[in-house]
file final-v1.cif (mmCIF, C-alpha atoms)
data_target
#
loop_
_atom_site.group_PDB
_atom_site.id
_atom_site.type_symbol
_atom_site.label_atom_id
_atom_site.label_comp_id
_atom_site.auth_asym_id
_atom_site.auth_seq_id
_atom_site.Cartn_x
_atom_site.Cartn_y
_atom_site.Cartn_z
ATOM 1 C CA MET J 4 41.536 126.925 7.281
ATOM 2 C CA GLN J 5 38.345 124.859 6.730
ATOM 3 C CA VAL J 6 39.249 122.489 9.567
ATOM 4 C CA LYS J 7 36.762 119.667 10.114
ATOM 5 C CA ILE J 8 36.689 116.377 12.035
ATOM 6 C CA ASP J 9 34.373 113.371 11.876
ATOM 7 C CA PRO J 10 31.481 113.629 14.390
ATOM 8 C CA SER J 11 32.415 110.318 16.039
ATOM 9 C CA TRP J 12 35.832 111.709 16.966
ATOM 10 C CA ALA J 13 34.432 115.124 17.840
ATOM 11 C CA ALA J 14 32.265 113.413 20.454
ATOM 12 C CA VAL J 15 34.934 111.297 22.160
ATOM 13 C CA LEU J 16 37.523 114.082 22.013
ATOM 14 C CA LYS J 17 35.173 116.837 23.192
ATOM 15 C CA PRO J 18 37.004 117.255 26.538
ATOM 16 C CA GLN J 19 40.213 117.918 24.623
ATOM 17 C CA PHE J 20 38.680 120.468 22.289
ATOM 18 C CA GLU J 21 37.174 122.316 25.245
ATOM 19 C CA SER J 22 40.403 122.379 27.275
ATOM 20 C CA ASP J 23 42.682 125.359 27.819
ATOM 21 C CA TYR J 24 45.706 123.616 26.319
ATOM 22 C CA PHE J 25 43.848 122.899 23.080
ATOM 23 C CA ARG J 26 42.644 126.480 22.791
ATOM 24 C CA GLN J 27 46.258 127.604 23.123
ATOM 25 C CA LEU J 28 47.311 124.992 20.562
ATOM 26 C CA ALA J 29 44.667 126.193 18.111
ATOM 27 C CA GLU J 30 45.855 129.776 18.500
ATOM 28 C CA PHE J 31 49.442 128.692 17.830
ATOM 29 C CA VAL J 32 48.449 126.725 14.720
ATOM 30 C CA ARG J 33 46.324 129.547 13.302
ATOM 31 C CA ALA J 34 49.180 132.008 13.844
ATOM 32 C CA ALA J 35 51.688 129.651 12.201
ATOM 33 C CA TYR J 36 49.497 129.177 9.127
ATOM 34 C CA ARG J 37 49.025 132.943 8.844
ATOM 35 C CA ALA J 38 52.749 133.610 9.204
ATOM 36 C CA GLY J 39 54.017 131.210 6.548
ATOM 37 C CA VAL J 40 53.537 127.958 4.671
ATOM 38 C CA CYS J 41 52.556 125.033 6.859
ATOM 39 C CA TYR J 42 51.575 121.442 6.164
ATOM 40 C CA PRO J 43 49.264 119.763 5.689
ATOM 41 C CA PRO J 44 46.776 122.187 4.131
ATOM 42 C CA GLY J 45 44.245 123.215 6.751
ATOM 43 C CA ARG J 46 41.461 121.020 5.425
ATOM 44 C CA PHE J 47 43.685 117.956 5.891
ATOM 45 C CA ILE J 48 44.845 118.520 9.494
ATOM 46 C CA PHE J 49 42.312 115.999 10.845
ATOM 47 C CA GLU J 50 42.171 113.845 7.707
ATOM 48 C CA ALA J 51 43.115 110.679 9.601
ATOM 49 C CA PHE J 52 40.028 111.127 11.779
ATOM 50 C CA ASN J 53 37.766 111.910 8.837
ATOM 51 C CA ARG J 54 38.902 108.900 6.832
ATOM 52 C CA THR J 55 38.721 106.500 9.801
ATOM 53 C CA PRO J 56 35.808 107.163 12.182
ATOM 54 C CA PHE J 57 36.254 106.179 15.820
ATOM 55 C CA ASP J 58 34.039 103.097 15.725
ATOM 56 C CA ARG J 59 35.698 101.781 12.554
ATOM 57 C CA VAL J 60 39.300 101.816 13.769
ATOM 58 C CA LYS J 61 40.923 98.370 13.623
ATOM 59 C CA VAL J 62 44.628 99.186 13.315
ATOM 60 C CA VAL J 63 46.601 102.216 14.527
ATOM 61 C CA ILE J 64 49.921 103.204 12.922
ATOM 62 C CA ILE J 65 51.678 106.025 14.778
ATOM 63 C CA GLY J 66 54.025 108.346 12.902
ATOM 64 C CA GLN J 67 55.919 111.375 14.142
ATOM 65 C CA ASP J 68 55.152 114.682 12.394
ATOM 66 C CA PRO J 69 53.921 115.497 8.864
ATOM 67 C CA TYR J 70 56.194 115.716 5.857
ATOM 68 C CA HIS J 71 57.476 119.286 5.638
ATOM 69 C CA GLY J 72 57.853 119.688 1.860
ATOM 70 C CA PRO J 73 55.347 120.772 -0.790
ATOM 71 C CA ARG J 74 52.786 118.304 -2.166
ATOM 72 C CA GLN J 75 53.518 115.682 0.464
ATOM 73 C CA ALA J 76 51.556 115.772 3.731
ATOM 74 C CA HIS J 77 47.790 115.266 3.597
ATOM 75 C CA GLY J 78 47.010 114.275 7.164
ATOM 76 C CA LEU J 79 47.749 110.530 7.040
ATOM 77 C CA SER J 80 51.006 109.288 8.559
ATOM 78 C CA PHE J 81 53.537 107.984 6.014
ATOM 79 C CA SER J 82 51.169 108.771 3.109
ATOM 80 C CA VAL J 83 51.609 111.181 0.178
ATOM 81 C CA LEU J 84 49.208 112.074 -2.603
ATOM 82 C CA PRO J 85 50.033 111.538 -6.294
ATOM 83 C CA PRO J 86 52.077 112.527 -8.177
ATOM 84 C CA THR J 87 54.545 112.667 -5.264
ATOM 85 C CA PRO J 88 56.552 109.418 -5.211
ATOM 86 C CA PRO J 89 56.681 107.413 -1.981
ATOM 87 C CA PRO J 90 59.261 108.803 0.494
ATOM 88 C CA PRO J 91 62.048 106.478 1.707
ATOM 89 C CA SER J 92 60.253 105.241 4.847
ATOM 90 C CA LEU J 93 57.184 104.316 2.822
ATOM 91 C CA VAL J 94 59.347 102.550 0.235
ATOM 92 C CA ASN J 95 60.689 100.416 3.081
ATOM 93 C CA ILE J 96 57.145 99.726 4.289
ATOM 94 C CA TYR J 97 56.345 98.497 0.790
ATOM 95 C CA LYS J 98 59.484 96.315 0.822
ATOM 96 C CA GLU J 99 58.323 94.662 4.045
ATOM 97 C CA LEU J 100 54.861 94.109 2.560
ATOM 98 C CA GLU J 101 56.417 92.517 -0.502
ATOM 99 C CA SER J 102 58.483 90.226 1.702
ATOM 100 C CA GLU J 103 55.482 89.146 3.757
ATOM 101 C CA TYR J 104 53.065 88.615 0.874
ATOM 102 C CA GLY J 105 55.356 87.704 -2.000
ATOM 103 C CA VAL J 106 53.731 90.318 -4.253
ATOM 104 C CA ARG J 107 55.457 93.372 -5.661
ATOM 105 C CA ALA J 108 53.776 96.632 -4.619
ATOM 106 C CA ASN J 109 53.392 99.498 -7.056
ATOM 107 C CA ARG J 110 55.974 101.844 -5.611
ATOM 108 C CA THR J 111 54.887 104.710 -7.881
ATOM 109 C CA SER J 112 51.999 105.552 -5.517
ATOM 110 C CA GLY J 113 52.383 106.659 -1.907
ATOM 111 C CA ASP J 114 48.682 107.239 -1.256
ATOM 112 C CA LEU J 115 47.516 105.183 1.740
ATOM 113 C CA THR J 116 43.955 106.520 1.751
ATOM 114 C CA ARG J 117 42.634 103.031 1.025
ATOM 115 C CA TRP J 118 44.205 101.759 4.235
ATOM 116 C CA ALA J 119 42.398 104.499 6.149
ATOM 117 C CA GLY J 120 39.117 103.484 4.536
ATOM 118 C CA GLN J 121 39.596 99.944 5.839
ATOM 119 C CA GLY J 122 39.993 101.036 9.454
ATOM 120 C CA VAL J 123 43.695 101.872 9.654
ATOM 121 C CA LEU J 124 44.136 105.073 11.664
ATOM 122 C CA LEU J 125 47.266 106.723 10.240
ATOM 123 C CA LEU J 126 48.039 108.973 13.186
ATOM 124 C CA ASN J 127 50.952 111.374 13.499
ATOM 125 C CA SER J 128 52.023 112.468 16.991
ATOM 126 C CA THR J 129 52.136 116.079 15.792
ATOM 127 C CA LEU J 130 49.536 117.072 13.217
ATOM 128 C CA THR J 131 51.088 120.204 11.690
ATOM 129 C CA VAL J 132 54.535 121.494 10.694
ATOM 130 C CA SER J 133 56.093 124.594 9.113
ATOM 131 C CA GLU J 134 57.593 124.211 5.650
ATOM 132 C CA GLY J 135 61.167 122.959 5.728
ATOM 133 C CA LYS J 136 61.258 122.787 9.532
ATOM 134 C CA PRO J 137 60.720 119.254 10.840
ATOM 135 C CA MET J 138 59.261 119.047 14.356
ATOM 136 C CA SER J 139 58.667 122.823 14.333
ATOM 137 C CA HIS J 140 55.181 122.431 15.836
ATOM 138 C CA ALA J 141 56.253 119.929 18.489
ATOM 139 C CA GLY J 142 55.882 120.917 22.116
ATOM 140 C CA HIS J 143 52.816 123.113 21.607
ATOM 141 C CA GLY J 144 50.099 120.641 22.584
ATOM 142 C CA TRP J 145 49.698 118.230 19.683
ATOM 143 C CA GLU J 146 51.459 115.466 21.603
ATOM 144 C CA ARG J 147 49.035 115.826 24.495
ATOM 145 C CA PHE J 148 46.123 115.726 22.069
ATOM 146 C CA THR J 149 47.308 112.606 20.273
ATOM 147 C CA ASP J 150 48.129 110.961 23.617
ATOM 148 C CA ALA J 151 44.430 111.471 24.402
ATOM 149 C CA VAL J 152 43.527 109.839 21.071
ATOM 150 C CA VAL J 153 45.568 106.746 21.942
ATOM 151 C CA ASP J 154 44.123 106.724 25.460
ATOM 152 C CA VAL J 155 40.489 106.851 24.356
ATOM 153 C CA LEU J 156 41.068 104.059 21.838
ATOM 154 C CA ASN J 157 42.786 102.005 24.526
ATOM 155 C CA ARG J 158 39.956 102.498 27.017
ATOM 156 C CA GLU J 159 36.815 102.488 24.876
ATOM 157 C CA ARG J 160 37.647 100.030 22.106
ATOM 158 C CA GLU J 161 38.689 96.371 22.187
ATOM 159 C CA HIS J 162 40.878 94.137 20.034
ATOM 160 C CA LEU J 163 42.737 96.875 18.181
ATOM 161 C CA VAL J 164 46.177 96.420 16.638
ATOM 162 C CA PHE J 165 48.770 99.087 17.426
ATOM 163 C CA LEU J 166 51.836 99.164 15.159
ATOM 164 C CA LEU J 167 54.556 101.068 16.998
ATOM 165 C CA TRP J 168 57.534 101.713 14.737
ATOM 166 C CA GLY J 169 60.442 103.536 16.354
ATOM 167 C CA ALA J 170 61.170 104.814 19.847
ATOM 168 C CA SER J 171 58.789 107.777 19.626
ATOM 169 C CA ALA J 172 55.789 105.628 18.708
ATOM 170 C CA GLN J 173 56.701 103.028 21.319
ATOM 171 C CA LYS J 174 56.874 105.673 24.024
ATOM 172 C CA LYS J 175 53.445 106.956 22.960
ATOM 173 C CA GLY J 176 51.995 103.470 23.155
ATOM 174 C CA ALA J 177 53.640 102.439 26.435
ATOM 175 C CA ALA J 178 50.394 102.537 28.426
ATOM 176 C CA ILE J 179 48.287 100.493 25.983
ATOM 177 C CA ASP J 180 46.625 97.508 27.650
ATOM 178 C CA ARG J 181 48.346 94.474 26.095
ATOM 179 C CA LYS J 182 45.604 92.173 27.382
ATOM 180 C CA ARG J 183 42.938 94.191 25.582
ATOM 181 C CA HIS J 184 44.806 94.926 22.343
ATOM 182 C CA LEU J 185 47.630 93.580 20.178
ATOM 183 C CA VAL J 186 50.723 95.785 20.342
ATOM 184 C CA LEU J 187 53.506 95.167 17.815
ATOM 185 C CA ALA J 188 56.787 97.093 18.090
ATOM 186 C CA ALA J 189 59.711 97.390 15.672
ATOM 187 C CA PRO J 190 62.371 99.916 14.657
ATOM 188 C CA HIS J 191 61.261 102.800 12.455
ATOM 189 C CA PRO J 192 61.101 102.026 8.709
ATOM 190 C CA SER J 193 63.415 104.912 7.827
ATOM 191 C CA PRO J 194 66.594 104.018 5.881
ATOM 192 C CA LEU J 195 68.592 104.725 9.051
ATOM 193 C CA SER J 196 66.905 102.015 11.111
ATOM 194 C CA ALA J 197 64.834 99.663 8.928
ATOM 195 C CA HIS J 198 67.629 97.073 8.795
ATOM 196 C CA ARG J 199 67.708 96.878 12.595
ATOM 197 C CA GLY J 200 64.491 94.885 12.738
ATOM 198 C CA PHE J 201 61.743 96.560 10.761
ATOM 199 C CA PHE J 202 62.565 94.353 7.797
ATOM 200 C CA GLY J 203 61.321 90.907 8.725
ATOM 201 C CA CYS J 204 59.026 92.116 11.533
ATOM 202 C CA GLY J 205 55.987 90.400 9.991
ATOM 203 C CA HIS J 206 53.631 93.015 11.377
ATOM 204 C CA PHE J 207 51.192 93.126 8.473
ATOM 205 C CA ARG J 208 50.444 89.403 8.516
ATOM 206 C CA ALA J 209 50.411 89.364 12.318
ATOM 207 C CA ALA J 210 47.882 92.209 12.375
ATOM 208 C CA ASN J 211 45.602 90.414 9.930
ATOM 209 C CA ASP J 212 45.903 87.094 11.762
ATOM 210 C CA TYR J 213 44.788 88.847 14.955
ATOM 211 C CA LEU J 214 41.886 90.627 13.254
ATOM 212 C CA VAL J 215 40.639 87.399 11.693
ATOM 213 C CA ALA J 216 40.885 85.661 15.071
ATOM 214 C CA GLN J 217 38.579 88.377 16.454
ATOM 215 C CA GLY J 218 36.063 87.805 13.654
ATOM 216 C CA LEU J 219 37.066 90.991 11.804
ATOM 217 C CA ALA J 220 37.916 91.475 8.160
ATOM 218 C CA PRO J 221 41.640 91.598 7.416
ATOM 219 C CA VAL J 222 43.225 94.680 5.864
ATOM 220 C CA ASP J 223 44.186 94.599 2.187
ATOM 221 C CA TRP J 224 47.655 95.996 2.732
ATOM 222 C CA LEU J 225 48.519 96.216 -0.958
ATOM 223 C CA PRO J 226 46.402 99.202 -2.059
ATOM 224 C CA VAL J 227 48.054 99.432 -5.440
ATOM 225 C CA GLN J 228 49.562 96.618 -7.496
#

call {"tool": "encode", "arguments": {"input": "final-v1.cif", "output": "structure tokens"}}
result
Amino acid sequence: MQVKIDPSWAAVLKPQFESDYFRQLAEFVRAAYRAGVCYPPGRFIFEAFNRTPFDRVKVVIIGQDPYHGPRQAHGLSFSVLPPTPPPPSLVNIYKELESEYGVRANRTSGDLTRWAGQGVLLLNSTLTVSEGKPMSHAGHGWERFTDAVVDVLNREREHLVFLLWGASAQKKGAAIDRKRHLVLAAPHPSPLSAHRGFFGCGHFRAANDYLVAQGLAPVDWLPVQ
């Protein structure tokens, strides 16, 4: 499967990788990939960690599980590689960006790799999925692993921005220290819930205002124009 993870994350997550639950999770994932088509491709399972090393994280966006169709998931939450057009939730993210910045995004591209390169950890709660079966790899240990990711960021880093969109992400971020980090919550950007408060949330400007106040470079949220 050619799985790899950035050394900075390998170090802070070593207790997880050496645990019994993770060994069982790895066995489940290997078996699932042998048995049928799964996403993302093996080399992309830890892509969020490879694109955004531990000490470079500035913003964390928590998704749910990977896209479960072909040519979509590549290890970054909400992101798809060309030529796949942006899925509906990402289109709504672009709409919010346009509203906040008054600039029209290029909605032909759904690739958020440039965000990851600027310190935005695009983390899904579950890192793998079987084709056509959303949430099919939930409940096998990924949630515990990604809880540990959030916990180590909460404890060992300072002045991070956590964007928690939807009930699942908000539950995952419930224990984040609000005195140590900025936590912004809103409904999920999916078409079913975006109109309940995701539109107009102002999270992208608020995140950058906080980063600048901490002496950090803001994120260029419009990767393609």

call {"tool": "closest_residue", "arguments": {"input": "final-v1.cif", "among": "J:Lys61, J:His77, J:His140, J:Arg183", "to": "Val164 in chain J", "atoms": "all atoms listed in the file"}}
result
J:Lys61

call {"tool": "atom_distance", "arguments": {"input": "final-v1.cif", "atom1": "CA of Lys7 in chain J", "atom2": "CA of Pro44 in chain J"}}
result
11.9 Å

call {"tool": "atom_distance", "arguments": {"input": "final-v1.cif", "atom1": "CA of Thr131 in chain J", "atom2": "CA of Leu28 in chain J"}}
result
10.8 Å

call {"tool": "atom_distance", "arguments": {"input": "final-v1.cif", "atom1": "CA of Val83 in chain J", "atom2": "CA of Ser102 in chain J"}}
result
22.1 Å

call {"tool": "residues_around", "arguments": {"input": "final-v1.cif", "residues": "Leu115 in chain J", "least_positions_apart": "6", "cutoff": "8 Å", "atoms": "all atoms listed in the file", "output": "list in words"}}
result
Leu79, Phe81, Ser82, Val83 and Pro226 of chain J

call {"tool": "closest_residue", "arguments": {"input": "final-v1.cif", "among": "J:Lys136, J:Arg199, J:Arg160, J:His191", "to": "Val62 in chain J", "atoms": "only C-alpha atoms"}}
result
J:Arg160

call {"tool": "resolve_selection", "arguments": {"input": "final-v1.cif", "expression": "the PyMOL selection byres ((chain J and resi 30-32) around 12)", "output": "count of residues only"}}
result
35

call {"tool": "residues_around", "arguments": {"input": "final-v1.cif", "residues": "Asp223 in chain J", "least_positions_apart": "6", "cutoff": "10 Å", "atoms": "all atoms listed in the file", "output": "count of residues only"}}
result
5

call {"tool": "residues_around", "arguments": {"input": "final-v1.cif", "residues": "Pro86 in chain J", "least_positions_apart": "4", "cutoff": "10 Å", "atoms": "all atoms listed in the file", "output": "ChimeraX atom specification"}}
result
/J:74-75,111-114

call {"tool": "write_last_selection", "arguments": {"input": "final-v1.cif", "atoms": "C-alpha atoms", "output": "PDB file, in the coordinates of the input"}}
result
ATOM      1  CA  ARG J  74      52.786 118.304  -2.166  1.00  0.00           C
ATOM      2  CA  GLN J  75      53.518 115.682   0.464  1.00  0.00           C
ATOM      3  CA  THR J 111      54.887 104.710  -7.881  1.00  0.00           C
ATOM      4  CA  SER J 112      51.999 105.552  -5.517  1.00  0.00           C
ATOM      5  CA  GLY J 113      52.383 106.659  -1.907  1.00  0.00           C
ATOM      6  CA  ASP J 114      48.682 107.239  -1.256  1.00  0.00           C
TER       7      ASP J 114
END

call {"tool": "residues_around", "arguments": {"input": "final-v1.cif", "residues": "Leu163 in chain J", "least_positions_apart": "5", "cutoff": "12 Å", "atoms": "all atoms listed in the file", "output": "ChimeraX atom specification"}}
result
/J:57-64,122-124,153,155-158,179-187,210-211,213-217,219

call {"tool": "closest_residue", "arguments": {"input": "final-v1.cif", "among": "J:Pro194, J:Gly205, J:Gly66, J:Gly200", "to": "Pro91 in chain J", "atoms": "only C-alpha atoms"}}
result
J:Pro194

call {"tool": "closest_residue", "arguments": {"input": "final-v1.cif", "among": "J:Glu161, J:Asp212, J:Asp150, J:Glu103", "to": "Lys174 in chain J", "atoms": "only C-alpha atoms"}}
result
J:Asp150

call {"tool": "closest_residue", "arguments": {"input": "final-v1.cif", "among": "J:Ala209, J:Ala151, J:Leu100, J:Leu125", "to": "Ala178 in chain J", "atoms": "only C-alpha atoms"}}
result
J:Ala151
